file start.tsv (TSV, C-alpha atoms)
chain	number	residue	atom	x	y	z
A	1	MET	CA	0.00	0.00	0.00
A	2	ALA	CA	2.78	2.37	0.97
A	3	GLY	CA	4.59	1.38	-2.24
A	4	THR	CA	1.47	1.97	-4.30
A	5	LYS	CA	1.01	5.32	-2.63
A	6	ALA	CA	4.60	6.32	-3.39
A	7	ALA	CA	4.13	5.19	-6.96
A	8	ASP	CA	0.89	7.19	-7.13
A	9	GLY	CA	2.74	10.17	-5.75
A	10	LYS	CA	5.40	9.80	-8.41
A	11	ASP	CA	2.75	9.39	-11.09
A	12	GLN	CA	1.02	12.49	-9.88
A	13	ALA	CA	4.24	14.45	-9.85
A	14	GLY	CA	5.08	13.10	-13.29
A	15	GLY	CA	1.57	13.95	-14.48
A	16	SER	CA	1.87	17.49	-13.15
A	17	ARG	CA	5.26	17.92	-14.84
A	18	GLY	CA	3.74	16.46	-17.99
A	19	ARG	CA	0.84	18.89	-17.82
A	20	ARG	CA	3.23	21.79	-17.32
A	21	ALA	CA	5.28	20.61	-20.29
A	22	ASP	CA	2.09	20.27	-22.36
A	23	ALA	CA	1.03	23.75	-21.36
A	24	GLN	CA	4.45	25.17	-22.32
A	25	ARG	CA	4.30	23.37	-25.66
A	26	ASN	CA	0.82	24.80	-26.26
A	27	VAL	CA	1.93	28.32	-25.38
A	28	ASN	CA	4.91	28.03	-27.73
A	29	ALA	CA	2.75	26.61	-30.52
A	30	ILE	CA	0.21	29.41	-30.03
A	31	LEU	CA	2.85	32.17	-30.04
A	32	GLU	CA	4.58	30.75	-33.12
A	33	ALA	CA	1.32	30.24	-35.01
A	34	THR	CA	0.16	33.77	-34.12
A	35	GLN	CA	3.44	35.31	-35.22
A	36	GLU	CA	3.32	33.50	-38.55
A	37	LEU	CA	-0.37	34.16	-39.10
A	38	LEU	CA	-0.21	37.88	-38.29
A	39	SER	CA	2.79	38.28	-40.60
A	40	THR	CA	0.49	37.59	-43.53
A	41	ASP	CA	-2.88	38.68	-42.11
A	42	PRO	CA	-2.74	41.30	-39.34
A	43	THR	CA	-6.49	40.92	-38.73
A	44	ALA	CA	-6.43	37.12	-38.03
A	45	SER	CA	-8.98	36.15	-35.36
A	46	MET	CA	-8.57	34.11	-32.16
A	47	GLN	CA	-10.40	31.24	-33.90
A	48	GLU	CA	-7.90	31.28	-36.78
A	49	VAL	CA	-5.02	31.38	-34.31
A	50	ALA	CA	-6.39	28.34	-32.43
A	51	ARG	CA	-6.79	26.42	-35.70
A	52	ALA	CA	-3.26	27.28	-36.89
A	53	ALA	CA	-1.75	26.35	-33.51
A	54	GLY	CA	-3.67	23.06	-33.42
A	55	VAL	CA	-5.31	23.80	-30.08
A	56	GLY	CA	-8.94	24.27	-29.04
A	57	ARG	CA	-10.48	27.65	-28.30
A	58	VAL	CA	-10.75	26.74	-24.59
A	59	THR	CA	-7.03	25.97	-24.42
A	60	LEU	CA	-6.18	29.17	-26.30
A	61	TYR	CA	-8.27	31.31	-23.93
A	62	SER	CA	-6.89	29.49	-20.88
A	63	HIS	CA	-3.45	30.88	-21.81
A	64	PHE	CA	-4.43	34.24	-23.32
A	65	GLY	CA	-7.58	35.87	-21.97
A	66	SER	CA	-8.00	38.11	-25.02
A	67	ARG	CA	-6.59	38.90	-28.45
A	68	THR	CA	-4.90	41.96	-26.91
A	69	GLU	CA	-3.14	39.77	-24.33
A	70	LEU	CA	-2.01	37.35	-27.05
A	71	LEU	CA	-0.73	40.14	-29.30
A	72	ASP	CA	1.17	41.64	-26.39
A	73	ALA	CA	2.84	38.27	-25.70
A	74	VAL	CA	3.77	37.73	-29.37
A	75	PHE	CA	5.15	41.23	-29.66
A	76	THR	CA	7.20	40.83	-26.47
A	77	ARG	CA	8.66	37.60	-27.85
A	78	VAL	CA	9.55	39.07	-31.25
A	79	MET	CA	11.17	42.14	-29.73
A	80	ALA	CA	13.16	39.98	-27.28
A	81	GLU	CA	14.48	37.96	-30.25
A	82	ALA	CA	15.35	41.18	-32.09
A	83	ASP	CA	17.04	42.52	-28.98
A	84	ARG	CA	19.22	39.40	-28.70
A	85	ALA	CA	20.17	39.68	-32.38
A	86	LEU	CA	21.04	43.38	-32.09
A	87	ALA	CA	23.03	42.89	-28.87
A	88	ASP	CA	25.60	41.03	-30.98
A	89	VAL	CA	26.21	44.02	-33.28
A	90	ASP	CA	29.53	45.76	-32.64
A	91	LEU	CA	28.70	49.43	-32.15
A	92	SER	CA	32.17	50.56	-31.10
A	93	GLY	CA	34.43	52.86	-33.12
A	94	ASP	CA	33.38	55.35	-35.80
A	95	GLU	CA	29.66	56.06	-35.41
A	96	ARG	CA	29.02	56.15	-39.18
A	97	GLN	CA	30.40	52.65	-39.62
A	98	ALA	CA	28.56	51.49	-36.49
A	99	LEU	CA	25.34	52.89	-37.95
A	100	ALA	CA	25.94	50.99	-41.19
A	101	ARG	CA	26.44	47.75	-39.18
A	102	LEU	CA	23.29	48.44	-37.16
A	103	VAL	CA	21.25	48.99	-40.36
A	104	ARG	CA	22.60	45.78	-41.91
A	105	SER	CA	21.57	43.81	-38.80
A	106	SER	CA	18.25	45.45	-38.04
A	107	TRP	CA	16.49	46.19	-41.30
A	108	ARG	CA	15.63	42.52	-41.95
A	109	LEU	CA	14.13	42.18	-38.48
A	110	VAL	CA	12.01	45.24	-39.15
A	111	GLN	CA	10.93	43.93	-42.53
A	112	GLN	CA	9.95	40.54	-41.13
A	113	SER	CA	7.90	42.02	-38.31
A	114	ARG	CA	6.31	44.84	-40.34
A	115	LEU	CA	2.84	43.30	-40.59
A	116	LEU	CA	3.05	42.15	-37.00
A	117	LEU	CA	3.66	45.74	-35.94
A	118	PHE	CA	0.65	46.65	-38.01
A	119	ALA	CA	-1.50	44.14	-36.11
A	120	ALA	CA	-0.14	45.45	-32.82
A	121	GLN	CA	-0.90	49.06	-33.77
A	122	LEU	CA	-4.55	48.13	-34.28
A	123	GLU	CA	-4.89	46.51	-30.89
A	124	LEU	CA	-2.30	47.76	-28.41
A	125	PRO	CA	-2.02	51.27	-26.97
A	126	GLN	CA	0.73	53.29	-28.66
A	127	GLY	CA	2.68	53.56	-25.40
A	128	GLN	CA	2.80	49.79	-25.02
A	129	ILE	CA	4.23	49.38	-28.54
A	130	ARG	CA	6.89	51.97	-27.78
A	131	GLU	CA	7.79	50.08	-24.56
A	132	HIS	CA	8.33	46.89	-26.53
A	133	HIS	CA	10.74	48.78	-28.76
A	134	ASP	CA	12.62	50.27	-25.83
A	135	GLY	CA	15.61	47.90	-26.03
A	136	ALA	CA	16.18	48.46	-29.75
A	137	LEU	CA	15.37	52.18	-29.54
A	138	GLU	CA	17.89	52.68	-26.73
A	139	ARG	CA	20.60	51.05	-28.79
A	140	VAL	CA	19.91	53.39	-31.74
A	141	GLU	CA	19.53	56.42	-29.51
A	142	SER	CA	22.75	55.83	-27.59
A	143	LEU	CA	24.67	55.45	-30.86
A	144	ILE	CA	23.14	58.68	-32.15
A	145	ARG	CA	23.96	60.52	-28.91
A	146	ARG	CA	27.57	59.32	-29.03
A	147	GLY	CA	27.85	60.48	-32.66
A	148	ARG	CA	26.51	63.89	-31.61
A	149	ARG	CA	29.02	64.20	-28.76
A	150	ASN	CA	31.85	63.28	-31.15
A	151	ARG	CA	30.48	65.67	-33.81
A	152	THR	CA	30.20	62.76	-36.27
A	153	PHE	CA	26.45	63.44	-36.41
A	154	ARG	CA	24.55	66.71	-36.56
A	155	THR	CA	23.38	68.39	-33.37
A	156	ASP	CA	20.96	70.94	-34.83
A	157	LEU	CA	18.05	68.45	-34.70
A	158	PRO	CA	16.83	66.63	-31.53
A	159	ALA	CA	18.29	63.14	-30.96
A	160	SER	CA	14.77	61.74	-30.51
A	161	TRP	CA	13.83	63.01	-33.99
A	162	MET	CA	16.92	61.33	-35.46
A	163	VAL	CA	15.77	58.05	-33.88
A	164	THR	CA	12.40	58.58	-35.59
A	165	VAL	CA	14.13	59.20	-38.93
A	166	PHE	CA	16.19	56.02	-38.46
A	167	TYR	CA	13.07	53.90	-38.00
A	168	SER	CA	10.95	55.72	-40.56
A	169	VAL	CA	13.46	55.19	-43.36
A	170	ILE	CA	13.89	51.50	-42.47
A	171	HIS	CA	10.10	51.07	-42.26
A	172	GLY	CA	9.72	52.81	-45.61
A	173	ALA	CA	12.24	50.42	-47.17
A	174	ALA	CA	10.41	47.44	-45.62
A	175	ASP	CA	7.12	48.59	-47.16
A	176	GLU	CA	8.78	49.04	-50.56
A	177	ILE	CA	10.25	45.53	-50.41
A	178	ASN	CA	6.94	44.03	-49.29
A	179	ALA	CA	5.29	45.83	-52.22
A	180	GLY	CA	7.88	44.43	-54.65
A	181	ARG	CA	9.28	47.84	-55.64
A	182	LEU	CA	12.69	47.44	-53.97
A	183	THR	CA	14.95	44.41	-53.78
A	184	ALA	CA	16.32	43.12	-50.49
A	185	GLU	CA	19.85	43.27	-51.93
A	186	ARG	CA	19.78	47.00	-52.60
A	187	ALA	CA	17.92	48.06	-49.46
A	188	PRO	CA	20.64	48.15	-46.76
A	189	ASN	CA	23.06	50.32	-48.77
A	190	MET	CA	20.31	52.73	-49.77
A	191	ILE	CA	19.08	53.01	-46.17
A	192	THR	CA	22.62	53.60	-44.89
A	193	ALA	CA	23.52	56.18	-47.58
A	194	THR	CA	20.30	58.08	-46.84
A	195	LEU	CA	20.73	58.06	-43.05
A	196	LEU	CA	24.40	59.04	-43.13
A	197	SER	CA	23.55	62.09	-45.26
A	198	ALA	CA	20.53	62.95	-43.10
A	199	PHE	CA	22.67	62.68	-39.94
A	200	ALA	CA	25.82	64.42	-41.24
A	201	PRO	CA	26.84	67.62	-39.43
A	202	THR	CA	25.55	70.66	-41.28
A	203	VAL	CA	28.15	72.93	-42.79
A	204	PRO	CA	27.70	76.41	-41.28
A	205	ALA	CA	26.77	79.00	-43.92
A	206	THR	CA	29.83	81.13	-44.77
B	1	MET	CA	-56.67	65.35	-67.91
B	2	ALA	CA	-53.76	66.49	-70.06
B	3	GLY	CA	-52.99	69.13	-67.43
B	4	THR	CA	-53.10	66.56	-64.68
B	5	LYS	CA	-50.85	64.31	-66.69
B	6	ALA	CA	-48.36	67.10	-67.25
B	7	ALA	CA	-48.50	67.95	-63.56
B	8	ASP	CA	-47.96	64.28	-62.72
B	9	GLY	CA	-45.05	64.24	-65.13
B	10	LYS	CA	-43.58	67.28	-63.44
B	11	ASP	CA	-44.16	65.74	-60.03
B	12	GLN	CA	-42.48	62.57	-61.16
B	13	ALA	CA	-39.54	64.48	-62.60
B	14	GLY	CA	-39.38	66.59	-59.43
B	15	GLY	CA	-39.63	63.43	-57.33
B	16	SER	CA	-36.88	61.80	-59.33
B	17	ARG	CA	-34.70	64.90	-59.01
B	18	GLY	CA	-35.55	64.92	-55.30
B	19	ARG	CA	-34.59	61.28	-54.96
B	20	ARG	CA	-31.33	61.91	-56.78
B	21	ALA	CA	-30.63	64.86	-54.47
B	22	ASP	CA	-31.47	62.69	-51.44
B	23	ALA	CA	-29.16	59.97	-52.69
B	24	GLN	CA	-26.35	62.46	-53.23
B	25	ARG	CA	-26.88	63.87	-49.73
B	26	ASN	CA	-26.78	60.34	-48.32
B	27	VAL	CA	-23.58	59.51	-50.20
B	28	ASN	CA	-21.92	62.70	-48.97
B	29	ALA	CA	-23.07	62.08	-45.39
B	30	ILE	CA	-21.78	58.50	-45.56
B	31	LEU	CA	-18.39	59.52	-46.99
B	32	GLU	CA	-17.94	62.30	-44.44
B	33	ALA	CA	-19.00	60.12	-41.52
B	34	THR	CA	-16.69	57.32	-42.65
B	35	GLN	CA	-13.75	59.67	-43.06
B	36	GLU	CA	-14.28	61.10	-39.58
B	37	LEU	CA	-14.90	57.73	-37.96
B	38	LEU	CA	-11.90	56.00	-39.53
B	39	SER	CA	-9.66	58.87	-38.48
B	40	THR	CA	-10.16	57.84	-34.87
B	41	ASP	CA	-10.96	54.12	-35.26
B	42	PRO	CA	-9.55	52.45	-38.41
B	43	THR	CA	-11.52	49.27	-37.64
B	44	ALA	CA	-14.99	50.92	-37.53
B	45	SER	CA	-17.69	48.61	-38.93
B	46	MET	CA	-20.35	49.23	-41.60
B	47	GLN	CA	-22.95	49.34	-38.80
B	48	GLU	CA	-21.03	52.09	-37.00
B	49	VAL	CA	-20.65	54.00	-40.27
B	50	ALA	CA	-24.43	53.81	-40.92
B	51	ARG	CA	-25.17	55.05	-37.40
B	52	ALA	CA	-22.69	57.94	-37.66
B	53	ALA	CA	-24.02	58.95	-41.08
B	54	GLY	CA	-27.63	58.80	-39.86
B	55	VAL	CA	-28.70	56.33	-42.56
B	56	GLY	CA	-30.02	52.78	-42.39
B	57	ARG	CA	-27.93	49.75	-43.23
B	58	VAL	CA	-30.02	49.13	-46.36
B	59	THR	CA	-29.32	52.66	-47.61
B	60	LEU	CA	-25.62	52.30	-46.81
B	61	TYR	CA	-25.34	49.02	-48.72
B	62	SER	CA	-27.40	50.40	-51.63
B	63	HIS	CA	-24.58	52.93	-52.22
B	64	PHE	CA	-21.54	50.86	-51.18
B	65	GLY	CA	-21.80	47.11	-51.66
B	66	SER	CA	-19.01	46.35	-49.18
B	67	ARG	CA	-16.68	47.93	-46.65
B	68	THR	CA	-13.89	47.67	-49.24
B	69	GLU	CA	-15.95	49.64	-51.77
B	70	LEU	CA	-16.72	52.30	-49.15
B	71	LEU	CA	-13.08	52.59	-48.09
B	72	ASP	CA	-12.02	52.93	-51.69
B	73	ALA	CA	-14.51	55.77	-52.20
B	74	VAL	CA	-13.43	57.59	-49.03
B	75	PHE	CA	-9.78	57.24	-49.94
B	76	THR	CA	-10.41	58.52	-53.47
B	77	ARG	CA	-12.19	61.56	-52.02
B	78	VAL	CA	-9.46	62.37	-49.50
B	79	MET	CA	-6.69	62.04	-52.06
B	80	ALA	CA	-8.60	64.23	-54.53
B	81	GLU	CA	-8.87	66.91	-51.83
B	82	ALA	CA	-5.15	66.58	-51.09
B	83	ASP	CA	-4.37	66.78	-54.78
B	84	ARG	CA	-6.35	70.04	-55.12
B	85	ALA	CA	-4.52	71.50	-52.10
B	86	LEU	CA	-1.10	70.49	-53.43
B	87	ALA	CA	-1.83	71.75	-56.95
B	88	ASP	CA	-1.74	75.27	-55.48
B	89	VAL	CA	1.83	74.91	-54.20
B	90	ASP	CA	4.38	76.84	-56.25
B	91	LEU	CA	7.07	74.33	-57.17
B	92	SER	CA	9.00	76.58	-59.53
B	93	GLY	CA	12.52	77.89	-58.91
B	94	ASP	CA	15.16	76.41	-56.63
B	95	GLU	CA	14.25	72.80	-55.87
B	96	ARG	CA	15.33	73.00	-52.22
B	97	GLN	CA	12.97	75.89	-51.54
B	98	ALA	CA	10.24	74.19	-53.57
B	99	LEU	CA	10.71	71.05	-51.44
B	100	ALA	CA	10.37	73.13	-48.27
B	101	ARG	CA	7.11	74.64	-49.61
B	102	LEU	CA	5.83	71.18	-50.56
B	103	VAL	CA	6.59	69.83	-47.06
B	104	ARG	CA	4.84	72.78	-45.42
B	105	SER	CA	1.73	72.16	-47.53
B	106	SER	CA	1.62	68.38	-47.46
B	107	TRP	CA	2.67	67.20	-44.03
B	108	ARG	CA	-0.61	68.30	-42.38
B	109	LEU	CA	-2.61	66.42	-45.00
B	110	VAL	CA	-0.55	63.31	-44.31
B	111	GLN	CA	-0.97	63.68	-40.56
B	112	GLN	CA	-4.73	64.13	-40.83
B	113	SER	CA	-5.17	61.08	-43.04
B	114	ARG	CA	-2.68	58.84	-41.23
B	115	LEU	CA	-5.26	56.62	-39.52
B	116	LEU	CA	-7.36	56.57	-42.66
B	117	LEU	CA	-4.38	55.22	-44.60
B	118	PHE	CA	-4.06	52.64	-41.86
B	119	ALA	CA	-7.69	51.54	-42.37
B	120	ALA	CA	-7.12	51.42	-46.12
B	121	GLN	CA	-3.98	49.30	-45.75
B	122	LEU	CA	-6.00	46.69	-43.86
B	123	GLU	CA	-8.64	46.42	-46.54
B	124	LEU	CA	-7.39	47.55	-49.93
B	125	PRO	CA	-4.73	45.88	-52.08
B	126	GLN	CA	-1.36	47.69	-51.84
B	127	GLY	CA	-1.48	48.56	-55.55
B	128	GLN	CA	-4.81	50.32	-55.19
B	129	ILE	CA	-3.47	52.47	-52.32
B	130	ARG	CA	-0.48	53.42	-54.44
B	131	GLU	CA	-2.80	54.39	-57.31
B	132	HIS	CA	-4.72	56.75	-55.04
B	133	HIS	CA	-1.43	58.42	-54.17
B	134	ASP	CA	-0.39	58.75	-57.80
B	135	GLY	CA	-1.23	62.44	-58.12
B	136	ALA	CA	0.67	63.47	-55.01
B	137	LEU	CA	3.51	61.02	-55.70
B	138	GLU	CA	3.98	62.37	-59.21
B	139	ARG	CA	4.28	65.90	-57.89
B	140	VAL	CA	7.02	64.84	-55.45
B	141	GLU	CA	8.75	62.66	-57.99
B	142	SER	CA	8.83	65.30	-60.72
B	143	LEU	CA	10.32	67.83	-58.28
B	144	ILE	CA	12.96	65.29	-57.25
B	145	ARG	CA	13.78	64.48	-60.88
B	146	ARG	CA	14.15	68.16	-61.72
B	147	GLY	CA	16.47	68.63	-58.72
B	148	ARG	CA	18.56	65.70	-59.95
B	149	ARG	CA	18.82	67.13	-63.46
B	150	ASN	CA	19.91	70.49	-62.02
B	151	ARG	CA	22.32	68.77	-59.61
B	152	THR	CA	20.52	70.38	-56.65
B	153	PHE	CA	19.74	66.85	-55.43
B	154	ARG	CA	21.89	63.73	-55.32
B	155	THR	CA	21.84	61.27	-58.22
B	156	ASP	CA	23.59	58.31	-56.59
B	157	LEU	CA	20.30	56.94	-55.24
B	158	PRO	CA	17.22	56.07	-57.36
B	159	ALA	CA	14.58	58.81	-57.66
B	160	SER	CA	11.89	56.31	-56.60
B	161	TRP	CA	13.77	55.65	-53.37
B	162	MET	CA	13.98	59.39	-52.69
B	163	VAL	CA	10.18	59.58	-53.08
B	164	THR	CA	9.93	56.79	-50.49
B	165	VAL	CA	12.24	58.70	-48.12
B	166	PHE	CA	10.11	61.84	-48.58
B	167	TYR	CA	6.94	60.01	-47.53
B	168	SER	CA	8.56	57.89	-44.83
B	169	VAL	CA	9.99	60.89	-42.99
B	170	ILE	CA	6.66	62.76	-43.18
B	171	HIS	CA	4.78	59.64	-42.03
B	172	GLY	CA	7.25	59.20	-39.17
B	173	ALA	CA	6.66	62.80	-38.07
B	174	ALA	CA	2.89	62.28	-38.27
B	175	ASP	CA	3.14	59.21	-36.01
B	176	GLU	CA	5.29	61.14	-33.53
B	177	ILE	CA	2.78	63.99	-33.43
B	178	ASN	CA	-0.16	61.60	-33.03
B	179	ALA	CA	1.74	59.94	-30.16
B	180	GLY	CA	2.31	63.33	-28.51
B	181	ARG	CA	6.11	63.20	-28.75
B	182	LEU	CA	6.51	65.96	-31.35
B	183	THR	CA	4.69	69.28	-31.65
B	184	ALA	CA	3.02	70.36	-34.85
B	185	GLU	CA	4.96	73.64	-34.73
B	186	ARG	CA	8.38	72.02	-34.87
B	187	ALA	CA	7.55	69.29	-37.37
B	188	PRO	CA	7.77	71.01	-40.78
B	189	ASN	CA	11.22	72.54	-40.18
B	190	MET	CA	12.60	69.25	-38.86
B	191	ILE	CA	11.17	67.32	-41.82
B	192	THR	CA	12.60	69.84	-44.30
B	193	ALA	CA	16.06	69.99	-42.65
B	194	THR	CA	16.23	66.18	-42.67
B	195	LEU	CA	15.13	65.78	-46.28
B	196	LEU	CA	17.39	68.51	-47.65
B	197	SER	CA	20.41	66.80	-46.03
B	198	ALA	CA	19.28	63.37	-47.19
B	199	PHE	CA	18.81	64.67	-50.75
B	200	ALA	CA	21.94	66.86	-50.97
B	201	PRO	CA	24.49	65.91	-53.65
B	202	THR	CA	27.25	63.78	-52.14
B	203	VAL	CA	30.71	65.29	-52.12
B	204	PRO	CA	33.00	63.03	-54.16
B	205	ALA	CA	35.76	61.51	-52.02
B	206	THR	CA	39.05	63.28	-52.77
call {"tool": "encode", "arguments": {"input": "start.tsv", "output": "structure tokens"}}
result
Amino acid sequence: MAGTKAADGKDQAGGSRGRRADAQRNVNAILEATQELLSTDPTASMQEVARAAGVGRVTLYSHFGSRTELLDAVFTRVMAEADRALADVDLSGDERQALARLVRSSWRLVQQSRLLLFAAQLELPQGQIREHHDGALERVESLIRRGRRNRTFRTDLPASWMVTVFYSVIHGAADEINAGRLTAERAPNMITATLLSAFAPTVPAT
Amino acid sequence: MAGTKAADGKDQAGGSRGRRADAQRNVNAILEATQELLSTDPTASMQEVARAAGVGRVTLYSHFGSRTELLDAVFTRVMAEADRALADVDLSGDERQALARLVRSSWRLVQQSRLLLFAAQLELPQGQIREHHDGALERVESLIRRGRRNRTFRTDLPASWMVTVFYSVIHGAADEINAGRLTAERAPNMITATLLSAFAPTVPAT
């Protein structure tokens, strides 16, 4: 009896671990399916997400109480991945060359998550989206501020505006590629050439 | 009898004219309500549009068979308005000053229609959105091409990419203003300063 009880105990523990593992697998499947689905259709419904993830609606809602909650989780995950990728970029040395390296490493991430951002903008408050970008934005902003201190970049425009220009030009390129009007090969050099000119110190009028 | 007939005929013609006038009033009310509604909520439904326009669902659908059709009509109307406003901008003379005048006249229009564009992007094919922009895009593109011919603007990047940069920077500013991080007073000068640097001829390396 004691042995059976112990075995039961083990089974229960194993079952609980199994359920936790199942739950984690479900969450992963849901997040991956949502990310993929929203990348092609930013208006995909909870029902379509459940179908794509191979889980029931009850399971989906047990993990994510609403579409907003799910979108927030997907966005957090994507930005964490982007953050890890960008953390590897060497931003030391000349700020112009560092900017070129940052563009080369980040523009693809932006392009891939463009429609996802679109879905997020429809559902999440603007402030929340900005928060998710904080890691990446800080990296860009600190590079821009260093370039301003070293007079590699212009100082007559606010640093925050230069961060906006950085993202706007990359987003514009992503839209052009997604629309088939720009090739992925040409994009990074065009983005970099544009930003370096836009950020260059202005020559004082003589 | 003949008199009565004639009177009937007149009544019928008057009634028909009246119905046409009613229909035109309905269409205008629907387009205006949709434009206003989508500017705050890009996901507004046909039912919400009907309510805001003060017409029944049947009337709404008698004029616009689907949400896509309605969006297309609203977008056409907004872009035609923008086109009329931009046609008044003097683009002659020095291309840098002409660009500054174009920015001053167009960035407000972009900001006002930003959420509408958002609604359109969710519903209309990308190509159709581009078509609606054709008038405005041509104006920008022809100015850029003239600046390239006169060597006022750089020629090492494609003209089409420079058009993209023009719109991306204005769109970025619009998003910043809508998010409350940039004031409408500072925007036009910052946009212009950024674009003029981005478009300036590159100094050949010596």
call {"tool": "interface_residues", "arguments": {"input": "start.tsv", "of": "chain B", "to": "chain A", "cutoff": "9 Å", "atoms": "only C-alpha atoms", "output": "PyMOL selection string"}}
result
chain B and resi 41-43+118+122+126-127+157-158+160-162+164-165+167-173+176+179+181-182+190+193-200+202
call {"tool": "residues_around", "arguments": {"input": "start.tsv", "residues": "B:Leu124", "least_positions_apart": "3", "cutoff": "12 Å", "atoms": "all atoms listed in the file", "output": "PDB file with C-alpha atoms, keeping the file's coordinate frame"}}
result
ATOM      1  CA  SER B  66     -19.010  46.350 -49.180  1.00  0.00           C
ATOM      2  CA  ARG B  67     -16.680  47.930 -46.650  1.00  0.00           C
ATOM      3  CA  THR B  68     -13.890  47.670 -49.240  1.00  0.00           C
ATOM      4  CA  GLU B  69     -15.950  49.640 -51.770  1.00  0.00           C
ATOM      5  CA  LEU B  70     -16.720  52.300 -49.150  1.00  0.00           C
ATOM      6  CA  LEU B  71     -13.080  52.590 -48.090  1.00  0.00           C
ATOM      7  CA  ASP B  72     -12.020  52.930 -51.690  1.00  0.00           C
ATOM      8  CA  ALA B  73     -14.510  55.770 -52.200  1.00  0.00           C
ATOM      9  CA  VAL B  74     -13.430  57.590 -49.030  1.00  0.00           C
ATOM     10  CA  PHE B  75      -9.780  57.240 -49.940  1.00  0.00           C
ATOM     11  CA  THR B  76     -10.410  58.520 -53.470  1.00  0.00           C
ATOM     12  CA  LEU B 116      -7.360  56.570 -42.660  1.00  0.00           C
ATOM     13  CA  LEU B 117      -4.380  55.220 -44.600  1.00  0.00           C
ATOM     14  CA  PHE B 118      -4.060  52.640 -41.860  1.00  0.00           C
ATOM     15  CA  ALA B 119      -7.690  51.540 -42.370  1.00  0.00           C
ATOM     16  CA  ALA B 120      -7.120  51.420 -46.120  1.00  0.00           C
ATOM     17  CA  GLN B 121      -3.980  49.300 -45.750  1.00  0.00           C
ATOM     18  CA  GLY B 127      -1.480  48.560 -55.550  1.00  0.00           C
ATOM     19  CA  GLN B 128      -4.810  50.320 -55.190  1.00  0.00           C
ATOM     20  CA  ILE B 129      -3.470  52.470 -52.320  1.00  0.00           C
ATOM     21  CA  ARG B 130      -0.480  53.420 -54.440  1.00  0.00           C
ATOM     22  CA  GLU B 131      -2.800  54.390 -57.310  1.00  0.00           C
ATOM     23  CA  HIS B 132      -4.720  56.750 -55.040  1.00  0.00           C
TER      24      HIS B 132
END
call {"tool": "atom_distance", "arguments": {"input": "start.tsv", "atom1": "atom CA of A:Leu102", "atom2": "atom CA of A:Val203"}}
result
25.6 Å
call {"tool": "atom_distance", "arguments": {"input": "start.tsv", "atom1": "atom CA of A:Asp90", "atom2": "atom CA of A:Ser39"}}
result
28.9 Å
call {"tool": "residues_around", "arguments": {"input": "start.tsv", "residues": "stretch 23-30 of chain B", "least_positions_apart": "5", "cutoff": "12 Å", "atoms": "all atoms listed in the file", "output": "JSON list (two decimals) with C-alpha atoms, in the coordinates of the input"}}
result
[["chain", "number", "residue", "atom", "x", "y", "z"],
["B", 15, "GLY", "CA", -39.63, 63.43, -57.33],
["B", 16, "SER", "CA", -36.88, 61.80, -59.33],
["B", 17, "ARG", "CA", -34.70, 64.90, -59.01],
["B", 18, "GLY", "CA", -35.55, 64.92, -55.30],
["B", 35, "GLN", "CA", -13.75, 59.67, -43.06],
["B", 36, "GLU", "CA", -14.28, 61.10, -39.58],
["B", 37, "LEU", "CA", -14.90, 57.73, -37.96],
["B", 38, "LEU", "CA", -11.90, 56.00, -39.53],
["B", 46, "MET", "CA", -20.35, 49.23, -41.60],
["B", 47, "GLN", "CA", -22.95, 49.34, -38.80],
["B", 48, "GLU", "CA", -21.03, 52.09, -37.00],
["B", 49, "VAL", "CA", -20.65, 54.00, -40.27],
["B", 50, "ALA", "CA", -24.43, 53.81, -40.92],
["B", 51, "ARG", "CA", -25.17, 55.05, -37.40],
["B", 52, "ALA", "CA", -22.69, 57.94, -37.66],
["B", 53, "ALA", "CA", -24.02, 58.95, -41.08],
["B", 54, "GLY", "CA", -27.63, 58.80, -39.86],
["B", 55, "VAL", "CA", -28.70, 56.33, -42.56],
["B", 56, "GLY", "CA", -30.02, 52.78, -42.39],
["B", 57, "ARG", "CA", -27.93, 49.75, -43.23],
["B", 58, "VAL", "CA", -30.02, 49.13, -46.36],
["B", 59, "THR", "CA", -29.32, 52.66, -47.61],
["B", 60, "LEU", "CA", -25.62, 52.30, -46.81],
["B", 61, "TYR", "CA", -25.34, 49.02, -48.72],
["B", 62, "SER", "CA", -27.40, 50.40, -51.63],
["B", 63, "HIS", "CA", -24.58, 52.93, -52.22],
["B", 64, "PHE", "CA", -21.54, 50.86, -51.18],
["B", 67, "ARG", "CA", -16.68, 47.93, -46.65],
["B", 70, "LEU", "CA", -16.72, 52.30, -49.15],
["B", 71, "LEU", "CA", -13.08, 52.59, -48.09],
["B", 73, "ALA", "CA", -14.51, 55.77, -52.20],
["B", 74, "VAL", "CA", -13.43, 57.59, -49.03],
["B", 77, "ARG", "CA", -12.19, 61.56, -52.02]]
